[in-house]
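Raw contents of run_29.cif, mmCIF, C-alpha atoms:
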data_entry
#
loop_
_atom_site.group_PDB
_atom_site.id
_atom_site.type_symbol
_atom_site.label_atom_id
_atom_site.label_comp_id
_atom_site.auth_asym_id
_atom_site.auth_seq_id
_atom_site.Cartn_x
_atom_site.Cartn_y
_atom_site.Cartn_z
ATOM 1 C CA MET A 178 0.000 0.000 0.000
ATOM 2 C CA SER A 179 2.719 2.461 0.972
ATOM 3 C CA GLU A 180 4.544 1.390 -2.196
ATOM 4 C CA PHE A 181 1.526 2.549 -4.164
ATOM 5 C CA PHE A 182 1.550 5.973 -2.494
ATOM 6 C CA ASN A 183 5.290 6.212 -2.941
ATOM 7 C CA MET A 184 5.015 5.617 -6.735
ATOM 8 C CA GLY A 185 8.602 4.424 -7.028
ATOM 9 C CA GLY A 186 9.891 7.644 -5.503
ATOM 10 C CA TYR A 187 7.990 9.879 -7.895
ATOM 11 C CA ALA A 188 5.082 10.577 -5.556
ATOM 12 C CA ALA A 189 5.944 14.296 -5.376
ATOM 13 C CA TYR A 190 5.231 14.624 -9.089
ATOM 14 C CA ILE A 191 2.488 12.090 -9.778
ATOM 15 C CA TRP A 192 0.058 12.873 -6.970
ATOM 16 C CA PRO A 193 0.060 16.661 -7.479
ATOM 17 C CA ALA A 194 -0.515 16.042 -11.201
ATOM 18 C CA TYR A 195 -3.510 13.799 -10.563
ATOM 19 C CA GLY A 196 -4.683 16.111 -7.799
ATOM 20 C CA ILE A 197 -4.578 19.277 -9.906
ATOM 21 C CA SER A 198 -6.320 17.475 -12.767
ATOM 22 C CA ALA A 199 -9.114 16.407 -10.440
ATOM 23 C CA LEU A 200 -9.357 19.886 -8.914
ATOM 24 C CA VAL A 201 -9.541 21.699 -12.240
ATOM 25 C CA LEU A 202 -12.062 19.292 -13.747
ATOM 26 C CA ILE A 203 -14.290 19.267 -10.651
ATOM 27 C CA GLY A 204 -14.005 23.053 -10.431
ATOM 28 C CA LEU A 205 -15.120 23.332 -14.046
ATOM 29 C CA ILE A 206 -18.171 21.137 -13.362
ATOM 30 C CA TRP A 207 -19.029 23.150 -10.263
ATOM 31 C CA GLN A 208 -18.729 26.518 -12.027
ATOM 32 C CA SER A 209 -20.741 25.306 -15.028
ATOM 33 C CA LEU A 210 -23.522 23.989 -12.773
ATOM 34 C CA ALA A 211 -23.597 27.172 -10.680
ATOM 35 C CA SER A 212 -23.839 29.306 -13.816
ATOM 36 C CA TYR A 213 -26.636 27.100 -15.148
ATOM 37 C CA ARG A 214 -28.623 27.276 -11.926
ATOM 38 C CA HIS A 215 -28.227 31.056 -11.778
ATOM 39 C CA ALA A 216 -29.470 31.434 -15.359
ATOM 40 C CA THR A 217 -32.435 29.115 -14.679
ATOM 41 C CA ARG A 218 -33.454 31.186 -11.661
ATOM 42 C CA GLU A 219 -33.108 34.413 -13.624
ATOM 43 C CA VAL A 220 -35.304 33.175 -16.445
ATOM 44 C CA ALA A 221 -37.938 31.896 -14.011
ATOM 45 C CA GLY A 222 -37.937 35.232 -12.197
ATOM 46 C CA LEU A 223 -38.374 37.220 -15.398
ATOM 47 C CA GLU A 224 -40.910 34.906 -17.017
ATOM 48 C CA GLU A 225 -43.416 34.883 -14.160
ATOM 49 C CA GLY A 226 -43.849 38.621 -14.616
ATOM 50 C CA THR A 227 -44.421 38.530 -18.364
ATOM 51 C CA PRO A 228 -47.498 36.609 -19.498
ATOM 52 C CA VAL A 229 -48.083 37.374 -23.165
ATOM 53 C CA TYR A 230 -51.403 39.231 -22.793
ATOM 54 C CA SER A 231 -49.893 42.015 -20.716
ATOM 55 C CA GLN A 232 -47.758 43.055 -23.692
ATOM 56 C CA LYS A 233 -50.762 43.711 -25.933
ATOM 57 C CA ARG A 234 -50.387 47.011 -27.738
ATOM 58 C CA PRO A 235 -53.366 49.356 -28.425
ATOM 59 C CA GLY A 236 -55.049 48.655 -31.779
ATOM 60 C CA SER A 237 -53.888 45.068 -32.080
ATOM 61 C CA SER A 238 -56.224 42.162 -31.359
ATOM 62 C CA ASP A 239 -55.441 38.816 -29.823
ATOM 63 C CA ALA A 240 -57.284 35.618 -30.627
ATOM 64 C CA ASP A 241 -57.608 34.735 -26.947
ATOM 65 C CA PRO A 242 -56.616 37.629 -24.713
ATOM 66 C CA GLY A 243 -57.844 36.027 -21.516
ATOM 67 C CA SER A 244 -55.227 33.318 -21.023
ATOM 68 C CA PRO A 245 -51.539 33.941 -20.393
ATOM 69 C CA GLN A 246 -49.302 31.886 -22.665
ATOM 70 C CA LYS A 247 -45.925 30.639 -21.606
ATOM 71 C CA THR A 248 -43.215 31.158 -24.181
ATOM 72 C CA GLY A 249 -40.789 28.634 -22.763
ATOM 73 C CA PRO A 250 -37.090 28.324 -23.644
ATOM 74 C CA MET B 26 -23.260 15.429 -33.632
ATOM 75 C CA PHE B 27 -26.433 17.102 -32.518
ATOM 76 C CA LYS B 28 -25.183 20.461 -33.684
ATOM 77 C CA ILE B 29 -24.660 19.419 -37.256
ATOM 78 C CA ASN B 30 -28.100 17.781 -37.405
ATOM 79 C CA LEU B 31 -30.135 20.855 -38.301
ATOM 80 C CA GLU B 32 -33.341 19.370 -36.900
ATOM 81 C CA HIS B 33 -32.071 20.345 -33.480
ATOM 82 C CA ALA B 34 -30.915 23.698 -34.790
ATOM 83 C CA ASN B 35 -33.301 25.932 -32.983
ATOM 84 C CA PRO B 36 -32.702 26.657 -29.300
ATOM 85 C CA LYS B 37 -35.972 25.185 -28.021
ATOM 86 C CA ARG B 38 -35.396 21.847 -29.714
ATOM 87 C CA PHE B 39 -31.835 21.833 -28.451
ATOM 88 C CA MET B 40 -33.051 22.421 -24.885
ATOM 89 C CA ASP B 41 -35.549 19.554 -25.127
ATOM 90 C CA PHE B 42 -33.116 17.194 -26.809
ATOM 91 C CA SER B 43 -30.202 18.005 -24.536
ATOM 92 C CA ALA B 44 -32.326 17.633 -21.383
ATOM 93 C CA LYS B 45 -32.866 13.995 -22.291
ATOM 94 C CA LEU B 46 -29.325 13.343 -23.511
ATOM 95 C CA LEU B 47 -27.276 15.045 -20.814
ATOM 96 C CA PRO B 48 -27.793 12.607 -17.885
ATOM 97 C CA TRP B 49 -26.593 9.715 -20.037
ATOM 98 C CA VAL B 50 -23.499 11.594 -21.111
ATOM 99 C CA TRP B 51 -22.668 12.323 -17.460
ATOM 100 C CA VAL B 52 -23.139 8.670 -16.503
ATOM 101 C CA LEU B 53 -20.960 7.492 -19.367
ATOM 102 C CA ALA B 54 -18.280 10.075 -18.613
ATOM 103 C CA ALA B 55 -18.183 9.159 -14.924
ATOM 104 C CA GLY B 56 -18.050 5.446 -15.677
ATOM 105 C CA LEU B 57 -15.223 5.821 -18.170
ATOM 106 C CA MET B 58 -13.305 8.147 -15.850
ATOM 107 C CA ALA B 59 -13.570 5.722 -12.931
ATOM 108 C CA THR B 60 -12.534 2.772 -15.098
ATOM 109 C CA GLY B 61 -9.723 4.736 -16.706
ATOM 110 C CA LEU B 62 -8.333 5.924 -13.380
ATOM 111 C CA TYR B 63 -8.389 2.419 -11.985
ATOM 112 C CA MET B 64 -6.582 1.087 -15.036
ATOM 113 C CA ALA B 65 -4.085 3.965 -15.020
ATOM 114 C CA LEU B 66 -3.155 3.592 -11.361
ATOM 115 C CA PHE B 67 -3.520 -0.146 -10.740
ATOM 116 C CA VAL B 68 -3.550 -2.096 -14.006
ATOM 117 C CA ALA B 69 -0.920 -0.415 -16.174
ATOM 118 C CA PRO B 70 2.585 -1.670 -15.377
ATOM 119 C CA PRO B 71 5.498 0.681 -14.605
ATOM 120 C CA ASP B 72 7.625 1.472 -17.626
ATOM 121 C CA TYR B 73 11.052 -0.181 -17.884
ATOM 122 C CA GLN B 74 12.658 3.197 -18.508
ATOM 123 C CA GLN B 75 10.368 5.724 -16.824
ATOM 124 C CA GLY B 76 9.140 3.623 -13.939
ATOM 125 C CA GLU B 77 5.984 4.913 -12.295
ATOM 126 C CA THR B 78 6.139 8.332 -13.975
ATOM 127 C CA VAL B 79 4.656 6.709 -17.053
ATOM 128 C CA ARG B 80 1.348 7.082 -15.186
ATOM 129 C CA MET B 81 1.535 10.782 -16.037
ATOM 130 C CA MET B 82 0.779 9.805 -19.604
ATOM 131 C CA PHE B 83 -2.781 8.829 -18.674
ATOM 132 C CA ILE B 84 -3.683 12.349 -17.601
ATOM 133 C CA HIS B 85 -1.256 14.354 -19.734
ATOM 134 C CA VAL B 86 -2.000 12.898 -23.187
ATOM 135 C CA PRO B 87 -5.819 13.012 -22.933
ATOM 136 C CA ALA B 88 -5.666 16.624 -21.697
ATOM 137 C CA ALA B 89 -3.310 17.642 -24.508
ATOM 138 C CA SER B 90 -5.251 15.915 -27.260
ATOM 139 C CA MET B 91 -8.567 17.310 -25.982
ATOM 140 C CA ALA B 92 -7.012 20.788 -25.830
ATOM 141 C CA GLN B 93 -6.401 20.546 -29.567
ATOM 142 C CA MET B 94 -9.657 18.808 -30.440
ATOM 143 C CA VAL B 95 -11.750 21.351 -28.568
ATOM 144 C CA TYR B 96 -10.024 24.137 -30.495
ATOM 145 C CA MET B 97 -10.776 22.347 -33.780
ATOM 146 C CA PHE B 98 -14.394 22.042 -32.640
ATOM 147 C CA MET B 99 -14.474 25.765 -31.914
ATOM 148 C CA ALA B 100 -12.932 26.535 -35.303
ATOM 149 C CA LEU B 101 -15.561 24.438 -37.065
ATOM 150 C CA ALA B 102 -18.335 26.071 -35.042
ATOM 151 C CA SER B 103 -16.888 29.531 -35.785
ATOM 152 C CA ALA B 104 -16.739 28.788 -39.511
ATOM 153 C CA ILE B 105 -20.350 27.603 -39.449
ATOM 154 C CA ALA B 106 -21.333 30.708 -37.489
ATOM 155 C CA LEU B 107 -19.664 33.048 -39.968
ATOM 156 C CA ILE B 108 -20.718 31.286 -43.168
ATOM 157 C CA MET B 109 -24.123 29.763 -42.391
ATOM 158 C CA LYS B 110 -25.114 32.056 -39.524
ATOM 159 C CA HIS B 111 -26.439 28.973 -37.722
ATOM 160 C CA PRO B 112 -28.036 30.167 -34.446
ATOM 161 C CA LEU B 113 -26.313 27.672 -32.162
ATOM 162 C CA ALA B 114 -22.877 27.727 -33.774
ATOM 163 C CA ASP B 115 -21.273 30.688 -32.035
ATOM 164 C CA MET B 116 -22.918 29.590 -28.807
ATOM 165 C CA ALA B 117 -21.249 26.201 -29.135
ATOM 166 C CA ALA B 118 -17.849 27.799 -29.674
ATOM 167 C CA LYS B 119 -18.316 30.150 -26.718
ATOM 168 C CA ALA B 120 -19.414 27.282 -24.472
ATOM 169 C CA ALA B 121 -16.468 25.108 -25.479
ATOM 170 C CA ALA B 122 -13.730 27.683 -24.869
ATOM 171 C CA PRO B 123 -13.342 27.484 -21.063
ATOM 172 C CA ILE B 124 -13.280 23.696 -21.245
ATOM 173 C CA GLY B 125 -10.521 23.761 -23.856
ATOM 174 C CA ALA B 126 -8.592 26.322 -21.829
ATOM 175 C CA ALA B 127 -8.794 24.067 -18.772
ATOM 176 C CA PHE B 128 -7.504 21.080 -20.761
ATOM 177 C CA THR B 129 -4.632 23.159 -22.148
ATOM 178 C CA LEU B 130 -3.695 24.335 -18.659
ATOM 179 C CA LEU B 131 -3.744 20.745 -17.408
ATOM 180 C CA ALA B 132 -1.610 19.609 -20.346
ATOM 181 C CA LEU B 133 0.958 22.276 -19.482
ATOM 182 C CA ILE B 134 0.962 21.566 -15.734
ATOM 183 C CA THR B 135 1.029 17.760 -15.964
ATOM 184 C CA GLY B 136 3.612 18.018 -18.719
ATOM 185 C CA SER B 137 5.777 20.164 -16.493
ATOM 186 C CA LEU B 138 5.418 17.727 -13.587
ATOM 187 C CA TRP B 139 6.382 14.918 -15.951
ATOM 188 C CA GLY B 140 9.273 16.837 -17.485
ATOM 189 C CA LYS B 141 11.009 17.591 -14.215
ATOM 190 C CA PRO B 142 11.717 13.974 -13.215
ATOM 191 C CA MET B 143 12.183 12.784 -16.812
ATOM 192 C CA TRP B 144 14.106 15.577 -18.546
ATOM 193 C CA GLY B 145 15.397 17.405 -15.491
ATOM 194 C CA THR B 146 13.539 20.633 -16.297
ATOM 195 C CA TRP B 147 10.129 22.166 -15.558
ATOM 196 C CA TRP B 148 10.070 24.023 -18.873
ATOM 197 C CA VAL B 149 11.936 24.415 -22.131
ATOM 198 C CA TRP B 150 11.131 26.719 -25.029
ATOM 199 C CA ASP B 151 10.942 23.966 -27.596
ATOM 200 C CA ALA B 152 8.422 23.897 -30.454
ATOM 201 C CA ARG B 153 5.742 21.751 -28.863
ATOM 202 C CA LEU B 154 5.668 23.340 -25.416
ATOM 203 C CA THR B 155 5.764 26.844 -26.866
ATOM 204 C CA SER B 156 2.985 26.202 -29.372
ATOM 205 C CA VAL B 157 0.764 24.677 -26.643
ATOM 206 C CA LEU B 158 1.388 27.773 -24.526
ATOM 207 C CA VAL B 159 0.317 29.861 -27.533
ATOM 208 C CA LEU B 160 -2.824 27.712 -27.722
ATOM 209 C CA PHE B 161 -3.551 28.591 -24.090
ATOM 210 C CA PHE B 162 -3.185 32.319 -24.855
ATOM 211 C CA LEU B 163 -5.512 31.916 -27.838
ATOM 212 C CA TYR B 164 -8.175 30.388 -25.605
ATOM 213 C CA ILE B 165 -7.807 33.190 -23.054
ATOM 214 C CA GLY B 166 -7.878 35.818 -25.811
ATOM 215 C CA TYR B 167 -10.996 34.274 -27.314
ATOM 216 C CA MET B 168 -12.815 34.289 -23.976
ATOM 217 C CA ALA B 169 -11.644 37.842 -23.234
ATOM 218 C CA LEU B 170 -12.943 39.050 -26.605
ATOM 219 C CA TRP B 171 -16.441 37.785 -25.827
ATOM 220 C CA GLU B 172 -16.398 39.598 -22.509
ATOM 221 C CA ALA B 173 -14.820 42.791 -23.813
ATOM 222 C CA MET B 174 -17.288 43.567 -26.587
ATOM 223 C CA GLU B 175 -20.635 44.917 -25.472
ATOM 224 C CA GLU B 176 -22.764 43.824 -28.397
ATOM 225 C CA PRO B 177 -23.092 40.026 -28.419
ATOM 226 C CA VAL B 178 -23.554 39.865 -32.202
ATOM 227 C CA LYS B 179 -20.331 41.789 -32.812
ATOM 228 C CA ALA B 180 -18.503 39.851 -30.109
ATOM 229 C CA ALA B 181 -19.535 36.584 -31.737
ATOM 230 C CA LYS B 182 -18.163 37.665 -35.086
ATOM 231 C CA ALA B 183 -14.871 38.982 -33.706
ATOM 232 C CA ALA B 184 -14.355 35.878 -31.605
ATOM 233 C CA ALA B 185 -15.089 33.607 -34.567
ATOM 234 C CA VAL B 186 -12.489 35.422 -36.657
ATOM 235 C CA LEU B 187 -9.892 35.168 -33.875
ATOM 236 C CA CYS B 188 -10.557 31.459 -33.487
ATOM 237 C CA LEU B 189 -10.145 30.818 -37.208
ATOM 238 C CA VAL B 190 -6.986 32.914 -37.462
ATOM 239 C CA GLY B 191 -5.489 30.935 -34.583
ATOM 240 C CA VAL B 192 -6.316 27.513 -36.021
ATOM 241 C CA VAL B 193 -3.001 27.509 -37.909
ATOM 242 C CA ASN B 194 -1.424 26.789 -34.507
ATOM 243 C CA ILE B 195 -2.994 23.333 -34.385
ATOM 244 C CA PRO B 196 -0.977 21.726 -37.204
ATOM 245 C CA VAL B 197 2.075 23.491 -35.764
ATOM 246 C CA ILE B 198 1.465 21.711 -32.449
ATOM 247 C CA LYS B 199 0.843 18.382 -34.143
ATOM 248 C CA PHE B 200 3.872 18.406 -36.396
ATOM 249 C CA SER B 201 6.210 20.363 -34.131
ATOM 250 C CA VAL B 202 7.888 17.183 -32.922
ATOM 251 C CA GLU B 203 8.676 16.222 -36.520
ATOM 252 C CA TRP B 204 9.570 19.593 -38.020
ATOM 253 C CA TRP B 205 11.885 20.702 -35.232
ATOM 254 C CA ASN B 206 14.457 19.143 -32.968
ATOM 255 C CA THR B 207 12.351 19.077 -29.812
ATOM 256 C CA LEU B 208 12.851 17.813 -26.300
ATOM 257 C CA HIS B 209 9.274 16.536 -26.294
ATOM 258 C CA GLN B 210 9.104 12.972 -27.544
ATOM 259 C CA PRO B 211 7.806 12.206 -31.044
ATOM 260 C CA THR B 212 4.413 10.634 -31.679
ATOM 261 C CA SER B 213 3.884 7.012 -30.661
ATOM 262 C CA LEU B 214 0.210 6.718 -31.492
ATOM 263 C CA VAL B 215 -0.735 8.032 -34.925
ATOM 264 C CA LYS B 216 1.768 6.269 -37.140
ATOM 265 C CA ILE B 217 1.498 4.512 -40.483
ATOM 266 C CA ASP B 218 2.122 1.049 -39.069
ATOM 267 C CA GLY B 219 -0.048 1.557 -36.003
ATOM 268 C CA PRO B 220 0.717 2.627 -32.452
ATOM 269 C CA SER B 221 4.100 1.679 -31.054
ATOM 270 C CA ILE B 222 2.816 1.546 -27.505
ATOM 271 C CA HIS B 223 2.162 -1.723 -25.700
ATOM 272 C CA SER B 224 -1.481 -2.729 -25.193
ATOM 273 C CA SER B 225 -1.111 -2.780 -21.395
ATOM 274 C CA MET B 226 -0.634 0.967 -21.640
ATOM 275 C CA LEU B 227 -2.673 1.627 -24.758
ATOM 276 C CA TRP B 228 -5.938 0.480 -23.186
ATOM 277 C CA PRO B 229 -5.814 2.672 -20.065
ATOM 278 C CA LEU B 230 -4.842 5.555 -22.330
ATOM 279 C CA ALA B 231 -7.745 4.887 -24.702
ATOM 280 C CA VAL B 232 -10.240 4.698 -21.828
ATOM 281 C CA MET B 233 -8.942 7.918 -20.271
ATOM 282 C CA ALA B 234 -9.032 9.662 -23.659
ATOM 283 C CA ALA B 235 -12.664 8.572 -24.113
ATOM 284 C CA ALA B 236 -13.449 9.711 -20.556
ATOM 285 C CA TYR B 237 -12.011 13.176 -21.212
ATOM 286 C CA GLY B 238 -13.951 13.325 -24.473
ATOM 287 C CA LEU B 239 -17.269 12.438 -22.832
ATOM 288 C CA PHE B 240 -16.495 14.881 -20.037
ATOM 289 C CA PHE B 241 -16.099 17.625 -22.661
ATOM 290 C CA ALA B 242 -19.399 16.600 -24.297
ATOM 291 C CA ALA B 243 -21.297 16.749 -21.000
ATOM 292 C CA LEU B 244 -19.868 20.134 -20.034
ATOM 293 C CA LEU B 245 -20.426 21.509 -23.528
ATOM 294 C CA ILE B 246 -24.106 20.567 -23.447
ATOM 295 C CA LEU B 247 -24.509 22.044 -19.973
ATOM 296 C CA ARG B 248 -22.784 25.294 -20.922
ATOM 297 C CA MET B 249 -24.774 25.605 -24.152
ATOM 298 C CA ARG B 250 -27.992 25.215 -22.173
ATOM 299 C CA THR B 251 -26.775 28.002 -19.906
ATOM 300 C CA GLU B 252 -25.993 30.208 -22.936
ATOM 301 C CA ILE B 253 -29.478 29.684 -24.347
ATOM 302 C CA LEU B 254 -31.004 30.606 -20.988
ATOM 303 C CA LYS B 255 -28.787 33.710 -20.746
ATOM 304 C CA ARG B 256 -29.943 34.856 -24.173
ATOM 305 C CA ARG B 257 -33.526 34.332 -23.041
ATOM 306 C CA VAL B 258 -32.804 36.500 -19.990
ATOM 307 C CA ARG B 259 -31.437 39.238 -22.250
ATOM 308 C CA SER B 260 -34.420 39.127 -24.602
ATOM 309 C CA LEU B 261 -36.876 39.140 -21.678
ATOM 310 C CA GLN B 262 -35.097 42.119 -20.134
ATOM 311 C CA LEU B 263 -35.147 43.941 -23.470
ATOM 312 C CA SER B 264 -38.860 43.308 -24.061
ATOM 313 C CA ARG B 265 -39.564 44.451 -20.502
ATOM 314 C CA ALA B 266 -37.669 47.685 -21.101
ATOM 315 C CA ARG B 267 -39.523 48.227 -24.349
ATOM 316 C CA SER B 268 -42.994 47.606 -22.879
ATOM 317 C CA ALA B 269 -42.170 49.796 -19.898
ATOM 318 C CA SER B 270 -41.290 52.916 -21.947
ATOM 319 C CA PRO B 271 -44.591 53.393 -23.885
ATOM 320 C CA GLU B 272 -46.462 53.233 -20.526
ATOM 321 C CA ALA B 273 -44.092 55.804 -19.086
ATOM 322 C CA HIS B 274 -44.940 58.172 -21.891
ATOM 323 C CA ALA B 275 -48.712 57.461 -21.844
#

Kindly return the structure encoded in the file as structure tokens.
Amino acid sequence: MSEFFNMGGYAAYIWPAYGISALVLIGLIWQSLASYRHATREVAGLEEGTPVYSQKRPGSSDADPGSPQKTGP
Amino acid sequence: MFKINLEHANPKRFMDFSAKLLPWVWVLAAGLMATGLYMALFVAPPDYQQGETVRMMFIHVPAASMAQMVYMFMALASAIALIMKHPLADMAAKAAAPIGAAFTLLALITGSLWGKPMWGTWWVWDARLTSVLVLFFLYIGYMALWEAMEEPVKAAKAAAVLCLVGVVNIPVIKFSVEWWNTLHQPTSLVKIDGPSIHSSMLWPLAVMAAAYGLFFAALLILRMRTEILKRRVRSLQLSRARSASPEAHA
């Protein structure tokens, strides 16, 4: 077991290399997920305030003005 | 892939399609990564010359080859964006860039940690190392260009041009070990009479390379979904601003 951690004397190079690789890749996943969740929340926050019928302009007619329509992503 | 299939061209279809696909890509990536790491650390034998440091190969080579492949992907996406004005193309390139930059950084760092025990130096300004460093600067420059330009449409165009101008660096990286007298070792994989690497090391390398590739695919899909949502945020904010101003003047 300790032979495995020692890596033939090269432990000081091999384990930092594997460690940094893991750190960078996990960090990338974490940042990508955080960014995605933030964007999802932003869209949800903006969309609940904008049902289509409230953007009707004077003079135009809608087929069914009574029901709000979701224009999803 | 899904990008080239124009059925999934519009953002809504991409969101629906990718929502179903993404979990499987994650599962596959995780499975391959776990298998690859096990093979790299426990199955592959130590090299008769390099000893245990040969295990660096299993994280250095996949990172380096992905660094180049991601850039080629971005170049293709940029070309499609400029020529066909495909709606998802510049988004795909933008989403891919940070992933490619991370792979390039890892290639440089793991390479350095491999070089010190093997060659006796952390760094040397030979053709391959220098051209990979240039690749890293190209990635950073590309990402900076997107952030620096205020209008997304103009930023997309400028970034696409930068990406395509920089693509000449990729063949330089690939052939650097043949064209110049480099410290970095020549290719052992893509040769006319097949790879010159033993199967006990080829298999862990192949699995790790596939794992890194799937990892890129999963992150790309996730980041593209985020880009589509961000554009939706922008368009919602714009339409809000527009509908607010006529009421203000009423």

Atom CA of A:Ser198 to atom CA of B:Leu131, distance in Å rounded to a single decimal: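 If I compute the distance from atom CA of A:Ser198 to atom CA of B:Leu131, I get 6.2 Å.
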
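In this structure, atom CA of B:Leu254 sits 12.1 Å away from atom CA of A:Gly222.
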
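The residues caught by the PyMOL selection byres ((chain A and resi 200-206) around 9) in this file are Tyr195, Gly196, Ile197, Ser198, Ala199, Trp207, Gln208, Ser209, Leu210 and Ala211 of chain A; Pro123, Ile124, Ala127, Phe128, Leu131, Phe240 and Leu244 of chain B.
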
What do you get, as a PyMOL selection string, if you spell out every residue that the PyMOL selection byres ((chain A) within 10 of (chain B)) selects here? chain A and resi 181+183-195+197-199+201-202+204-206+208-224+226-227+231-234+249-250

Residues matched by the PyMOL selection byres ((chain B and resi 47) around 10), written as an mmCIF file with C-alpha atoms, in the coordinates of the input:
data_model
loop_
_atom_site.group_PDB
_atom_site.id
_atom_site.type_symbol
_atom_site.label_atom_id
_atom_site.label_comp_id
_atom_site.auth_asym_id
_atom_site.auth_seq_id
_atom_site.Cartn_x
_atom_site.Cartn_y
_atom_site.Cartn_z
ATOM 1 C CA PHE B 42 -33.116 17.194 -26.809
ATOM 2 C CA SER B 43 -30.202 18.005 -24.536
ATOM 3 C CA ALA B 44 -32.326 17.633 -21.383
ATOM 4 C CA LYS B 45 -32.866 13.995 -22.291
ATOM 5 C CA LEU B 46 -29.325 13.343 -23.511
ATOM 6 C CA PRO B 48 -27.793 12.607 -17.885
ATOM 7 C CA TRP B 49 -26.593 9.715 -20.037
ATOM 8 C CA VAL B 50 -23.499 11.594 -21.111
ATOM 9 C CA TRP B 51 -22.668 12.323 -17.460
ATOM 10 C CA VAL B 52 -23.139 8.670 -16.503
ATOM 11 C CA LEU B 53 -20.960 7.492 -19.367
ATOM 12 C CA ALA B 242 -19.399 16.600 -24.297
ATOM 13 C CA ALA B 243 -21.297 16.749 -21.000
ATOM 14 C CA LEU B 244 -19.868 20.134 -20.034
ATOM 15 C CA LEU B 245 -20.426 21.509 -23.528
ATOM 16 C CA ILE B 246 -24.106 20.567 -23.447
ATOM 17 C CA LEU B 247 -24.509 22.044 -19.973
#

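Across B:Gly166, B:Pro211, B:Gly125, B:Pro229, the tightest approach to B:Ala183 is made by B:Gly166 when counting all atoms listed in the file.
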
One number please: atom CA of B:Ala231 to atom CA of B:Met94, in Å, one decimal.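 Interatomic distance here is 15.2 Å.
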
Point out the residue among B:Ala234, B:Leu214, B:Asp115, B:Pro177 with the least atom-to-atom distance to B:Ser260, counting only C-alpha atoms.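 The shortest atom-to-atom distance to B:Ser260 comes from B:Pro177.
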